[in-house]
$ cat query_21.cif   # mmCIF, C-alpha atoms and all ligand atoms
data_work
#
loop_
_atom_site.group_PDB
_atom_site.id
_atom_site.type_symbol
_atom_site.label_atom_id
_atom_site.label_comp_id
_atom_site.auth_asym_id
_atom_site.auth_seq_id
_atom_site.Cartn_x
_atom_site.Cartn_y
_atom_site.Cartn_z
ATOM 1 C CA MET Y 1 65.698 27.490 -29.309
ATOM 2 C CA ILE Y 2 68.658 25.901 -31.022
ATOM 3 C CA GLU Y 3 71.398 24.332 -28.916
ATOM 4 C CA PHE Y 4 74.827 23.248 -30.053
ATOM 5 C CA GLU Y 5 76.377 20.972 -27.449
ATOM 6 C CA HIS Y 6 80.122 20.298 -27.806
ATOM 7 C CA VAL Y 7 79.768 19.979 -31.535
ATOM 8 C CA SER Y 8 82.687 19.224 -33.804
ATOM 9 C CA LYS Y 9 83.059 18.416 -37.471
ATOM 10 C CA VAL Y 10 85.923 16.729 -39.240
ATOM 11 C CA TYR Y 11 85.286 16.324 -42.965
ATOM 12 C CA PRO Y 12 86.617 13.142 -44.553
ATOM 13 C CA GLY Y 13 90.307 13.633 -45.244
ATOM 14 C CA GLY Y 14 90.167 17.172 -43.879
ATOM 15 C CA ALA Y 15 91.206 19.086 -40.833
ATOM 16 C CA GLU Y 16 88.781 19.943 -38.074
ATOM 17 C CA ALA Y 17 86.324 22.484 -39.549
ATOM 18 C CA VAL Y 18 84.604 22.978 -36.187
ATOM 19 C CA GLY Y 19 85.924 21.927 -32.797
ATOM 20 C CA ASP Y 20 83.940 21.680 -29.548
ATOM 21 C CA PHE Y 21 81.401 24.386 -30.365
ATOM 22 C CA SER Y 22 78.683 25.047 -27.803
ATOM 23 C CA CYS Y 23 76.077 27.758 -27.913
ATOM 24 C CA VAL Y 24 72.389 28.447 -27.433
ATOM 25 C CA ILE Y 25 70.458 30.421 -30.019
ATOM 26 C CA PRO Y 26 67.297 31.813 -28.456
ATOM 27 C CA SER Y 27 63.982 31.781 -30.301
ATOM 28 C CA HIS Y 28 62.626 34.812 -32.156
ATOM 29 C CA ARG Y 29 66.008 36.497 -32.353
ATOM 30 C CA THR Y 30 68.468 37.130 -35.133
ATOM 31 C CA VAL Y 31 71.883 35.698 -34.331
ATOM 32 C CA VAL Y 32 74.660 36.388 -36.807
ATOM 33 C CA LEU Y 33 77.691 34.141 -37.198
ATOM 34 C CA VAL Y 34 80.499 36.267 -38.541
ATOM 35 C CA GLY Y 35 84.066 35.264 -39.276
ATOM 36 C CA SER Y 36 86.620 35.077 -41.988
ATOM 37 C CA SER Y 37 86.579 32.514 -44.760
ATOM 38 C CA GLY Y 38 86.979 28.964 -43.482
ATOM 39 C CA SER Y 39 86.008 29.715 -39.880
ATOM 40 C CA GLY Y 40 83.249 27.096 -40.070
ATOM 41 C CA LYS Y 41 80.184 29.333 -40.413
ATOM 42 C CA THR Y 42 78.507 27.370 -43.204
ATOM 43 C CA THR Y 43 79.310 24.086 -41.513
ATOM 44 C CA LEU Y 44 77.614 25.266 -38.311
ATOM 45 C CA LEU Y 45 74.592 26.574 -40.196
ATOM 46 C CA ARG Y 46 74.145 23.332 -42.110
ATOM 47 C CA MET Y 47 74.266 21.323 -38.917
ATOM 48 C CA ILE Y 48 70.949 22.932 -37.953
ATOM 49 C CA ASN Y 49 69.057 21.362 -40.869
ATOM 50 C CA ARG Y 50 71.180 18.197 -41.041
ATOM 51 C CA MET Y 51 72.769 18.985 -44.362
ATOM 52 C CA VAL Y 52 75.900 18.298 -42.306
ATOM 53 C CA ASP Y 53 75.893 15.916 -39.356
ATOM 54 C CA PRO Y 54 78.376 16.607 -36.538
ATOM 55 C CA SER Y 55 81.276 14.203 -36.043
ATOM 56 C CA ASP Y 56 80.776 14.652 -32.319
ATOM 57 C CA GLY Y 57 78.347 16.406 -29.995
ATOM 58 C CA ARG Y 58 74.726 17.141 -30.741
ATOM 59 C CA VAL Y 59 72.347 19.798 -31.963
ATOM 60 C CA CYS Y 60 68.913 20.172 -30.372
ATOM 61 C CA ILE Y 61 65.928 22.178 -31.517
ATOM 62 C CA ASP Y 62 63.465 22.995 -28.746
ATOM 63 C CA GLY Y 63 65.111 20.352 -26.595
ATOM 64 C CA GLU Y 64 64.968 17.549 -29.159
ATOM 65 C CA ASP Y 65 68.140 15.990 -30.577
ATOM 66 C CA ILE Y 66 67.735 16.502 -34.317
ATOM 67 C CA ARG Y 67 69.339 13.131 -35.041
ATOM 68 C CA ASN Y 68 65.920 11.768 -34.096
ATOM 69 C CA ARG Y 69 64.310 13.799 -36.865
ATOM 70 C CA ASN Y 70 63.933 12.651 -40.434
ATOM 71 C CA PRO Y 71 66.460 14.809 -42.322
ATOM 72 C CA VAL Y 72 64.201 15.492 -45.316
ATOM 73 C CA GLU Y 73 61.243 16.449 -43.162
ATOM 74 C CA LEU Y 74 63.498 18.551 -40.916
ATOM 75 C CA ARG Y 75 64.945 20.391 -43.914
ATOM 76 C CA ARG Y 76 61.505 21.187 -45.262
ATOM 77 C CA SER Y 77 60.468 22.625 -41.911
ATOM 78 C CA ILE Y 78 63.371 25.083 -41.815
ATOM 79 C CA GLY Y 79 63.781 27.999 -44.227
ATOM 80 C CA TYR Y 80 67.135 28.192 -45.985
ATOM 81 C CA VAL Y 81 68.400 31.088 -48.099
ATOM 82 C CA LEU Y 82 71.647 30.795 -50.030
ATOM 83 C CA GLN Y 83 73.941 33.338 -51.618
ATOM 84 C CA HIS Y 84 72.794 32.547 -55.137
ATOM 85 C CA GLY Y 85 69.124 32.062 -54.364
ATOM 86 C CA GLY Y 86 69.265 28.357 -55.144
ATOM 87 C CA LEU Y 87 66.123 28.693 -57.273
ATOM 88 C CA LEU Y 88 65.108 25.940 -59.660
ATOM 89 C CA PRO Y 89 65.835 27.396 -63.121
ATOM 90 C CA HIS Y 90 63.136 25.531 -65.028
ATOM 91 C CA ARG Y 91 60.306 26.455 -62.704
ATOM 92 C CA THR Y 92 58.507 29.767 -62.604
ATOM 93 C CA VAL Y 93 59.034 32.051 -59.658
ATOM 94 C CA LEU Y 94 55.616 31.161 -58.292
ATOM 95 C CA ASP Y 95 56.283 27.437 -58.531
ATOM 96 C CA ASN Y 96 59.673 27.900 -56.908
ATOM 97 C CA VAL Y 97 58.029 29.558 -53.917
ATOM 98 C CA ALA Y 98 55.227 26.958 -53.796
ATOM 99 C CA THR Y 99 57.539 23.920 -54.042
ATOM 100 C CA VAL Y 100 57.932 23.034 -50.376
ATOM 101 C CA PRO Y 101 54.287 23.621 -49.368
ATOM 102 C CA VAL Y 102 53.205 21.352 -52.263
ATOM 103 C CA LEU Y 103 55.695 18.691 -51.168
ATOM 104 C CA ARG Y 104 54.233 18.950 -47.687
ATOM 105 C CA GLY Y 105 50.721 18.332 -48.973
ATOM 106 C CA THR Y 106 49.219 21.781 -49.651
ATOM 107 C CA GLN Y 107 46.989 21.852 -52.766
ATOM 108 C CA ARG Y 108 48.832 23.404 -55.693
ATOM 109 C CA GLY Y 109 46.233 26.180 -56.188
ATOM 110 C CA ALA Y 110 46.327 27.208 -52.551
ATOM 111 C CA ALA Y 111 50.137 27.046 -52.474
ATOM 112 C CA ARG Y 112 50.352 29.304 -55.522
ATOM 113 C CA ALA Y 113 47.916 31.790 -53.988
ATOM 114 C CA ASP Y 114 50.037 31.856 -50.813
ATOM 115 C CA ALA Y 115 53.144 32.250 -52.952
ATOM 116 C CA ARG Y 116 51.678 35.354 -54.594
ATOM 117 C CA GLU Y 117 51.092 36.899 -51.191
ATOM 118 C CA LEU Y 118 54.607 36.038 -50.116
ATOM 119 C CA LEU Y 119 56.065 37.757 -53.173
ATOM 120 C CA GLU Y 120 54.270 40.919 -52.106
ATOM 121 C CA ARG Y 121 55.455 40.455 -48.572
ATOM 122 C CA VAL Y 122 59.103 40.478 -49.682
ATOM 123 C CA GLY Y 123 58.508 43.563 -51.801
ATOM 124 C CA LEU Y 124 58.042 41.993 -55.248
ATOM 125 C CA ASP Y 125 55.301 42.584 -57.783
ATOM 126 C CA PRO Y 126 53.290 39.305 -57.860
ATOM 127 C CA ALA Y 127 53.198 39.671 -61.670
ATOM 128 C CA LEU Y 128 56.850 38.516 -61.595
ATOM 129 C CA GLY Y 129 55.554 35.148 -60.435
ATOM 130 C CA ASP Y 130 55.139 33.908 -64.006
ATOM 131 C CA ARG Y 131 58.750 34.606 -64.942
ATOM 132 C CA TYR Y 132 61.668 32.225 -64.677
ATOM 133 C CA PRO Y 133 64.516 33.004 -62.243
ATOM 134 C CA SER Y 134 66.917 33.963 -65.053
ATOM 135 C CA GLN Y 135 64.471 36.720 -66.054
ATOM 136 C CA LEU Y 136 64.938 38.479 -62.707
ATOM 137 C CA SER Y 137 67.713 40.707 -61.380
ATOM 138 C CA GLY Y 138 70.060 39.339 -58.718
ATOM 139 C CA GLY Y 139 68.292 41.348 -56.014
ATOM 140 C CA GLN Y 140 64.869 40.120 -57.151
ATOM 141 C CA GLN Y 141 66.133 36.537 -57.146
ATOM 142 C CA GLN Y 142 67.305 36.946 -53.568
ATOM 143 C CA ARG Y 143 63.863 38.257 -52.577
ATOM 144 C CA VAL Y 144 62.311 35.187 -54.201
ATOM 145 C CA GLY Y 145 64.798 33.076 -52.225
ATOM 146 C CA VAL Y 146 63.532 34.682 -49.017
ATOM 147 C CA ALA Y 147 59.883 34.187 -50.065
ATOM 148 C CA ARG Y 148 60.588 30.542 -50.821
ATOM 149 C CA ALA Y 149 62.291 30.049 -47.455
ATOM 150 C CA LEU Y 150 59.248 31.538 -45.709
ATOM 151 C CA ALA Y 151 56.711 29.520 -47.706
ATOM 152 C CA ALA Y 152 56.393 26.641 -45.257
ATOM 153 C CA ASP Y 153 56.018 29.175 -42.421
ATOM 154 C CA PRO Y 154 59.116 27.862 -40.651
ATOM 155 C CA ASN Y 155 60.052 28.885 -37.116
ATOM 156 C CA ILE Y 156 63.705 28.896 -38.120
ATOM 157 C CA LEU Y 157 65.304 30.705 -41.032
ATOM 158 C CA LEU Y 158 68.900 29.925 -41.987
ATOM 159 C CA MET Y 159 70.580 32.506 -44.191
ATOM 160 C CA ASP Y 160 74.037 31.850 -45.676
ATOM 161 C CA GLU Y 161 75.551 35.050 -47.098
ATOM 162 C CA PRO Y 162 72.176 35.740 -48.724
ATOM 163 C CA PHE Y 163 73.086 39.236 -49.860
ATOM 164 C CA GLY Y 164 76.721 38.558 -50.725
ATOM 165 C CA ALA Y 165 76.342 38.560 -54.503
ATOM 166 C CA VAL Y 166 74.376 41.772 -55.078
ATOM 167 C CA ASP Y 167 75.643 45.316 -55.442
ATOM 168 C CA PRO Y 168 75.967 47.494 -52.330
ATOM 169 C CA ILE Y 169 72.817 49.547 -52.926
ATOM 170 C CA VAL Y 170 70.595 46.520 -53.478
ATOM 171 C CA ARG Y 171 72.291 44.841 -50.556
ATOM 172 C CA ARG Y 172 71.307 47.753 -48.332
ATOM 173 C CA GLU Y 173 67.695 47.495 -49.544
ATOM 174 C CA LEU Y 174 67.574 43.764 -48.893
ATOM 175 C CA GLN Y 175 69.024 44.232 -45.407
ATOM 176 C CA GLN Y 176 66.376 46.835 -44.575
ATOM 177 C CA GLU Y 177 63.697 44.547 -46.000
ATOM 178 C CA LEU Y 178 64.875 41.712 -43.777
ATOM 179 C CA LEU Y 179 64.779 43.964 -40.707
ATOM 180 C CA ARG Y 180 61.212 44.962 -41.588
ATOM 181 C CA LEU Y 181 60.144 41.361 -42.219
ATOM 182 C CA GLN Y 182 61.716 40.165 -39.000
ATOM 183 C CA SER Y 183 59.945 42.865 -36.979
ATOM 184 C CA GLU Y 184 56.681 41.475 -38.395
ATOM 185 C CA LEU Y 185 57.481 37.768 -38.256
ATOM 186 C CA GLY Y 186 59.774 37.241 -35.260
ATOM 187 C CA LYS Y 187 61.464 34.132 -36.677
ATOM 188 C CA THR Y 188 64.548 32.531 -35.193
ATOM 189 C CA ILE Y 189 67.126 33.632 -37.736
ATOM 190 C CA VAL Y 190 70.676 32.338 -37.956
ATOM 191 C CA PHE Y 191 72.515 34.497 -40.445
ATOM 192 C CA VAL Y 192 76.022 33.873 -41.775
ATOM 193 C CA THR Y 193 78.198 36.622 -43.183
ATOM 194 C CA HIS Y 194 81.819 37.664 -43.324
ATOM 195 C CA ASP Y 195 80.760 41.323 -43.327
ATOM 196 C CA ILE Y 196 80.907 42.807 -39.839
ATOM 197 C CA GLU Y 197 78.811 45.830 -40.831
ATOM 198 C CA GLU Y 198 76.035 43.515 -41.988
ATOM 199 C CA ALA Y 199 76.379 41.505 -38.773
ATOM 200 C CA PHE Y 200 76.047 44.615 -36.617
ATOM 201 C CA LEU Y 201 73.082 45.900 -38.619
ATOM 202 C CA LEU Y 202 71.050 42.692 -38.585
ATOM 203 C CA GLY Y 203 72.060 40.825 -35.443
ATOM 204 C CA ASP Y 204 70.341 41.068 -32.092
ATOM 205 C CA GLU Y 205 73.418 39.114 -31.126
ATOM 206 C CA VAL Y 206 76.631 38.526 -33.006
ATOM 207 C CA ILE Y 207 79.012 35.605 -32.649
ATOM 208 C CA VAL Y 208 82.513 36.348 -33.900
ATOM 209 C CA LEU Y 209 84.205 33.128 -34.980
ATOM 210 C CA SER Y 210 87.869 32.414 -35.420
ATOM 211 C CA GLU Y 211 89.295 29.372 -37.160
ATOM 212 C CA GLY Y 212 87.730 26.026 -36.317
ATOM 213 C CA GLY Y 213 84.418 27.583 -35.271
ATOM 214 C CA ARG Y 214 85.921 28.945 -32.062
ATOM 215 C CA ILE Y 215 83.861 31.671 -30.441
ATOM 216 C CA ALA Y 216 86.117 34.684 -30.144
ATOM 217 C CA GLN Y 217 83.253 36.751 -28.725
ATOM 218 C CA ARG Y 218 79.499 36.732 -28.474
ATOM 219 C CA GLY Y 219 77.383 39.720 -27.600
ATOM 220 C CA THR Y 220 75.189 42.506 -28.842
ATOM 221 C CA PRO Y 221 76.756 44.685 -31.514
ATOM 222 C CA ALA Y 222 77.132 47.454 -28.935
ATOM 223 C CA ASP Y 223 78.885 45.120 -26.441
ATOM 224 C CA ILE Y 224 81.318 43.855 -29.015
ATOM 225 C CA LEU Y 225 82.161 47.266 -30.356
ATOM 226 C CA ALA Y 226 82.526 48.803 -26.895
ATOM 227 C CA HIS Y 227 84.460 45.914 -25.371
ATOM 228 C CA PRO Y 228 86.208 43.754 -27.962
ATOM 229 C CA ALA Y 229 87.375 40.617 -26.139
ATOM 230 C CA ASP Y 230 90.874 40.571 -27.614
ATOM 231 C CA ASP Y 231 93.049 41.826 -30.437
ATOM 232 C CA PHE Y 232 91.533 39.349 -32.884
ATOM 233 C CA VAL Y 233 88.050 40.759 -32.313
ATOM 234 C CA ARG Y 234 89.325 44.333 -32.221
ATOM 235 C CA ASP Y 235 90.944 43.828 -35.615
ATOM 236 C CA PHE Y 236 87.964 42.006 -37.024
ATOM 237 C CA VAL Y 237 85.380 44.587 -36.015
ATOM 238 C CA GLY Y 238 87.719 47.446 -36.788
ATOM 239 C CA ALA Y 239 86.946 49.064 -33.436
ATOM 240 C CA ASP Y 240 89.690 51.578 -34.103
ATOM 241 C CA ARG Y 241 88.547 52.323 -37.634
ATOM 242 C CA ALA Y 242 88.228 56.021 -38.316
ATOM 243 C CA GLU Y 243 84.514 55.884 -39.126
ATOM 244 C CA ARG Y 244 83.835 54.197 -35.783
ATOM 245 C CA THR Y 245 85.636 56.714 -33.596
ATOM 246 C CA LEU Y 246 83.321 59.668 -33.731
ATOM 247 C CA GLU Y 247 83.575 62.873 -31.799
ATOM 248 C CA THR Y 248 81.802 66.189 -31.804
ATOM 249 C CA VAL Y 249 83.209 69.575 -32.648
ATOM 250 C CA GLU Y 250 81.429 72.880 -32.411
ATOM 251 C CA VAL Y 251 81.121 74.838 -35.624
ATOM 252 C CA GLU Y 252 79.355 78.174 -35.471
ATOM 253 C CA GLY Y 253 77.260 77.103 -32.495
ATOM 254 C CA ARG Y 254 76.263 73.704 -33.912
ATOM 255 C CA GLN Y 255 77.576 70.341 -32.772
ATOM 256 C CA LEU Y 256 79.088 68.606 -35.752
ATOM 257 C CA VAL Y 257 79.918 64.875 -35.565
ATOM 258 C CA VAL Y 258 83.260 64.033 -37.169
ATOM 259 C CA ASP Y 259 85.038 60.719 -37.674
ATOM 260 C CA GLY Y 260 88.591 59.891 -36.633
ATOM 261 C CA ASP Y 261 89.917 61.512 -39.797
ATOM 262 C CA GLY Y 262 88.028 64.706 -39.033
ATOM 263 C CA ARG Y 263 85.464 64.135 -41.809
ATOM 264 C CA PRO Y 264 82.019 65.490 -40.902
ATOM 265 C CA VAL Y 265 79.395 62.735 -40.793
ATOM 266 C CA GLY Y 266 76.414 64.561 -39.342
ATOM 267 C CA VAL Y 267 74.959 67.219 -37.093
ATOM 268 C CA LEU Y 268 73.700 66.559 -33.585
ATOM 269 C CA ASN Y 269 70.101 67.635 -33.108
ATOM 270 C CA ARG Y 270 69.377 68.331 -29.503
HETATM 271 N N1 LIG A 301 82.497 19.127 -47.824
HETATM 272 C C1 LIG A 301 83.691 19.434 -47.312
HETATM 273 N N2 LIG A 301 84.726 18.564 -47.378
HETATM 274 C C2 LIG A 301 85.936 18.850 -46.847
HETATM 275 N N3 LIG A 301 86.219 20.010 -46.221
HETATM 276 C C3 LIG A 301 85.230 20.933 -46.113
HETATM 277 C C4 LIG A 301 83.937 20.695 -46.663
HETATM 278 N N4 LIG A 301 83.159 21.784 -46.410
HETATM 279 C C5 LIG A 301 83.955 22.663 -45.743
HETATM 280 N N5 LIG A 301 85.198 22.162 -45.561
HETATM 281 C C6 LIG A 301 86.316 22.803 -44.865
HETATM 282 O O1 LIG A 301 85.886 23.136 -43.551
HETATM 283 C C7 LIG A 301 86.352 24.428 -43.164
HETATM 284 C C8 LIG A 301 85.173 25.310 -42.793
HETATM 285 O O2 LIG A 301 84.393 25.537 -43.961
HETATM 286 P P1 LIG A 301 83.042 26.378 -43.953
HETATM 287 O O3 LIG A 301 82.512 26.408 -45.327
HETATM 288 O O4 LIG A 301 82.171 25.888 -42.860
HETATM 289 O O5 LIG A 301 83.604 27.830 -43.528
HETATM 290 P P2 LIG A 301 82.969 29.261 -43.753
HETATM 291 O O6 LIG A 301 83.336 30.045 -42.547
HETATM 292 O O7 LIG A 301 81.526 29.153 -44.064
HETATM 293 O O8 LIG A 301 83.782 29.775 -45.005
HETATM 294 P P3 LIG A 301 83.324 30.735 -46.215
HETATM 295 O O9 LIG A 301 83.083 32.086 -45.611
HETATM 296 O O10 LIG A 301 84.510 30.713 -47.113
HETATM 297 O O11 LIG A 301 82.093 30.120 -46.818
HETATM 298 C C9 LIG A 301 87.186 24.925 -44.337
HETATM 299 O O12 LIG A 301 88.532 24.677 -44.054
HETATM 300 C C10 LIG A 301 86.697 24.111 -45.510
HETATM 301 O O13 LIG A 301 87.721 23.921 -46.450
#
$ encode --input "query_21.cif" --output "structure tokens" --more "lines below"
Ligand SMILES: Nc1ncnc2c1ncn2[C@@H]1O[C@H](COP(=O)(O)OP(=O)(O)OP(=O)(O)O)[C@@H](O)[C@H]1O
Amino acid sequence: MIEFEHVSKVYPGGAEAVGDFSCVIPSHRTVVLVGSSGSGKTTLLRMINRMVDPSDGRVCIDGEDIRNRNPVELRRSIGYVLQHGGLLPHRTVLDNVATVPVLRGTQRGAARADARELLERVGLDPALGDRYPSQLSGGQQQRVGVARALAADPNILLMDEPFGAVDPIVRRELQQELLRLQSELGKTIVFVTHDIEEAFLLGDEVIVLSEGGRIAQRGTPADILAHPADDFVRDFVGADRAERTLETVEVEGRQLVVDGDGRPVGVLNR
């Protein structure tokens, strides 16, 4: 469980990036922070592994104030996936994945064997392990990023726009892969995106943020879509968007589902 208690962040010389943010992120769930650019998503995420320390308030993991934890050790115990993979360019894929376990004392041979298994787990051919990151596609690099984040078998996985830089088809594949992995692993995932569709697909719960890390609404995707808290949320989730307002029409005895523009999107099987 991750708890933010009245957390704020003012960067040197800057305005308040996050103000008085409180929330509890339950274990073994995927919680998505979604909001427009500058709403403080990355700042909040980085407070969990102490890449950013709050100006005020505190963050606890399983009841312990993380200020009492050594930041390097804490960071190594939490998986972190970035938009551009963050892989080390001069190390092979296998060594990239094995880096943190080796730093934490696992024998290199054993760490590399585990890394091979992890590559398979994220849907990559282990033979790619001998390549360098630049010899992989963007989607493959992101899979390696996920494998690397899982290598130390962390309870918590932080993901900052991990699929933001790949094309829509690969993005869809990576999202499905993450759903599959999470159903097997049950990690506590905090996922940042500005894409509401991605948030609704991946999140058990979604937190919609407005400027300054203010929680405009928190709930399941269904809650938020059915009952947007205010106009800001309604606009953000596009509750009135044509593809969201579906209805059925009968065509030659079959129930056709059409969107708000009358475009058919499917047939109801009953
Ligand atoms: N190191 C920093 N120094 C000064 N200001 C910063 C720093 N990092 C972030 N900020 C500011 O804090 C605010 C929140 O930034 P943050 O990156 O957390 O938002 P975000 O929601 O993740 O945005 P994006 O979607 O664009 O990544 C922004 O106004 C940003 O300019």
$ resolve_selection --input "query_21.cif" --expression "the PyMOL selection byres (((chain Y and resi 197) around 12) and not hetatm)" --output "PyMOL selection string"
chain Y and resi 32+34-35+168+171-172+175+193-196+198-203+206+221+225+236-239+243-244
$ resolve_selection --input "query_21.cif" --expression "the PyMOL selection byres (((chain Y and resi 218) around 12) and not hetatm)" --output "number ranges by chain"
Y: 22-25, 31-35, 199-200, 203-210, 214-217, 219-225, 227-229, 233
$ write_last_selection --input "query_21.cif" --atoms "C-alpha atoms" --output "PDB file, keeping the file's coordinate frame"
ATOM      1  CA  SER Y  22      78.683  25.047 -27.803  1.00  0.00           C
ATOM      2  CA  CYS Y  23      76.077  27.758 -27.913  1.00  0.00           C
ATOM      3  CA  VAL Y  24      72.389  28.447 -27.433  1.00  0.00           C
ATOM      4  CA  ILE Y  25      70.458  30.421 -30.019  1.00  0.00           C
ATOM      5  CA  VAL Y  31      71.883  35.698 -34.331  1.00  0.00           C
ATOM      6  CA  VAL Y  32      74.660  36.388 -36.807  1.00  0.00           C
ATOM      7  CA  LEU Y  33      77.691  34.141 -37.198  1.00  0.00           C
ATOM      8  CA  VAL Y  34      80.499  36.267 -38.541  1.00  0.00           C
ATOM      9  CA  GLY Y  35      84.066  35.264 -39.276  1.00  0.00           C
ATOM     10  CA  ALA Y 199      76.379  41.505 -38.773  1.00  0.00           C
ATOM     11  CA  PHE Y 200      76.047  44.615 -36.617  1.00  0.00           C
ATOM     12  CA  GLY Y 203      72.060  40.825 -35.443  1.00  0.00           C
ATOM     13  CA  ASP Y 204      70.341  41.068 -32.092  1.00  0.00           C
ATOM     14  CA  GLU Y 205      73.418  39.114 -31.126  1.00  0.00           C
ATOM     15  CA  VAL Y 206      76.631  38.526 -33.006  1.00  0.00           C
ATOM     16  CA  ILE Y 207      79.012  35.605 -32.649  1.00  0.00           C
ATOM     17  CA  VAL Y 208      82.513  36.348 -33.900  1.00  0.00           C
ATOM     18  CA  LEU Y 209      84.205  33.128 -34.980  1.00  0.00           C
ATOM     19  CA  SER Y 210      87.869  32.414 -35.420  1.00  0.00           C
ATOM     20  CA  ARG Y 214      85.921  28.945 -32.062  1.00  0.00           C
ATOM     21  CA  ILE Y 215      83.861  31.671 -30.441  1.00  0.00           C
ATOM     22  CA  ALA Y 216      86.117  34.684 -30.144  1.00  0.00           C
ATOM     23  CA  GLN Y 217      83.253  36.751 -28.725  1.00  0.00           C
ATOM     24  CA  GLY Y 219      77.383  39.720 -27.600  1.00  0.00           C
ATOM     25  CA  THR Y 220      75.189  42.506 -28.842  1.00  0.00           C
ATOM     26  CA  PRO Y 221      76.756  44.685 -31.514  1.00  0.00           C
ATOM     27  CA  ALA Y 222      77.132  47.454 -28.935  1.00  0.00           C
ATOM     28  CA  ASP Y 223      78.885  45.120 -26.441  1.00  0.00           C
ATOM     29  CA  ILE Y 224      81.318  43.855 -29.015  1.00  0.00           C
ATOM     30  CA  LEU Y 225      82.161  47.266 -30.356  1.00  0.00           C
ATOM     31  CA  HIS Y 227      84.460  45.914 -25.371  1.00  0.00           C
ATOM     32  CA  PRO Y 228      86.208  43.754 -27.962  1.00  0.00           C
ATOM     33  CA  ALA Y 229      87.375  40.617 -26.139  1.00  0.00           C
ATOM     34  CA  VAL Y 233      88.050  40.759 -32.313  1.00  0.00           C
TER      35      VAL Y 233
END
$ closest_residue --input "query_21.cif" --among "Y:Thr99, Y:Gln140, Y:Thr43, Y:Gln135" --to "ligand LIG 301 (chain A)" --atoms "all atoms listed in the file"
Y:Thr43
$ axis_aligned_box --input "query_21.cif" --around "ligand LIG 301 (chain A)" --padding-each-side "6 Å" --output "AutoDock Vina command-line options"
--center_x 85.0 --center_y 25.3 --center_z -45.2 --size_x 19.0 --size_y 25.5 --size_z 17.3
$ resolve_selection --input "query_21.cif" --expression "the PyMOL selection byres (((not hetatm)) within 8 of (chain A and resi 301))" --output "list in words"
Val10, Tyr11, Pro12, Gly13, Gly14, Ala15, Glu16, Ala17, Val18, Val34, Gly35, Ser36, Ser37, Gly38, Ser39, Gly40, Lys41, Thr42, Thr43, Leu44, Val192, Thr193, His194, Gly212 and Gly213 of chain Y
$ atom_distance --input "query_21.cif" --atom1 "atom CA of Y:Arg254" --atom2 "atom CA of Y:Gly266"
10.6 Å
$ atom_distance --input "query_21.cif" --atom1 "atom CA of Y:Arg131" --atom2 "atom CA of Y:His90"
10.1 Å
$ atom_distance --input "query_21.cif" --atom1 "atom CA of Y:Gly139" --atom2 "atom CA of Y:Leu87"
12.9 Å
$ residues_around --input "query_21.cif" --residues "Y:Val265" --least-positions-apart "2" --cutoff "9 Å" --atoms "all atoms listed in the file" --output "short mmCIF file (atom, residue, chain, number, x, y, z; two decimals) with C-alpha atoms, in the frame of the given file"
data_model
loop_
_atom_site.label_atom_id
_atom_site.label_comp_id
_atom_site.auth_asym_id
_atom_site.auth_seq_id
_atom_site.Cartn_x
_atom_site.Cartn_y
_atom_site.Cartn_z
CA GLU Y 243 84.51 55.88 -39.13
CA LEU Y 246 83.32 59.67 -33.73
CA LEU Y 256 79.09 68.61 -35.75
CA VAL Y 257 79.92 64.88 -35.56
CA VAL Y 258 83.26 64.03 -37.17
CA ASP Y 259 85.04 60.72 -37.67
CA ARG Y 263 85.46 64.14 -41.81
CA VAL Y 267 74.96 67.22 -37.09
#
$ residues_around --input "query_21.cif" --residues "Y:His6" --least-positions-apart "2" --cutoff "7 Å" --atoms "only C-alpha atoms" --output "tab-separated table (two decimals) with C-alpha atoms, in the frame of the given file"
chain	number	residue	atom	x	y	z
Y	4	PHE	CA	74.83	23.25	-30.05
Y	8	SER	CA	82.69	19.22	-33.80
Y	20	ASP	CA	83.94	21.68	-29.55
Y	21	PHE	CA	81.40	24.39	-30.36
Y	22	SER	CA	78.68	25.05	-27.80
Y	57	GLY	CA	78.35	16.41	-30.00
Y	58	ARG	CA	74.73	17.14	-30.74
$ closest_residue --input "query_21.cif" --among "Y:Gly262, Y:Gly79, Y:Pro71, Y:Pro26" --to "Y:Pro154" --atoms "only C-alpha atoms"
Y:Gly79
$ residues_around --input "query_21.cif" --residues "Y:Arg76" --least-positions-apart "6" --cutoff "9 Å" --atoms "all atoms listed in the file" --output "ChimeraX atom specification"
/Y:49,100-101,103-104,152,154
$ residues_near_point --input "query_21.cif" --point "(53.6, 29.5, -43.9)" --cutoff "12 Å" --atoms "only C-alpha atoms" --output "ChimeraX atom specification"
/Y:76-79,97-98,100-102,104,106,110-111,113-115,117-118,147-156,185,187
$ residues_around --input "query_21.cif" --residues "stretch 60-67 of chain Y" --least-positions-apart "3" --cutoff "9 Å" --atoms "all atoms listed in the file" --output "PyMOL selection string"
chain Y and resi 1-5+27+48-50+53+70-71+74
$ closest_residue --input "query_21.cif" --among "Y:Gly105, Y:Gly145, Y:Gly186, Y:Gly253" --to "Y:Leu119" --atoms "all atoms listed in the file"
Y:Gly145
$ residues_around --input "query_21.cif" --residues "Y:Glu184" --least-positions-apart "4" --cutoff "12 Å" --atoms "all atoms listed in the file" --output "PyMOL selection string"
chain Y and resi 28+121-122+177-180
$ closest_residue --input "query_21.cif" --among "Y:Thr245, Y:Thr188, Y:Asn96, Y:Gln176" --to "Y:Leu158" --atoms "only C-alpha atoms"
Y:Thr188
$ decode --input "query_21.cif" --residues "stretch 7-15 of chain Y" --atoms "C-alpha atoms" --output "JSON list (two decimals), in the first residue's frame"
[["chain", "number", "residue", "atom", "x", "y", "z"],
["Y", 7, "VAL", "CA", 2.02, 15.98, -0.03],
["Y", 8, "SER", "CA", 3.14, 19.07, -1.88],
["Y", 9, "LYS", "CA", 6.04, 19.92, -4.14],
["Y", 10, "VAL", "CA", 7.45, 23.30, -5.01],
["Y", 11, "TYR", "CA", 10.44, 23.07, -7.34],
["Y", 12, "PRO", "CA", 13.21, 25.60, -6.77],
["Y", 13, "GLY", "CA", 12.18, 28.85, -8.43],
["Y", 14, "GLY", "CA", 8.95, 27.28, -9.67],
["Y", 15, "ALA", "CA", 5.29, 27.33, -8.89]]
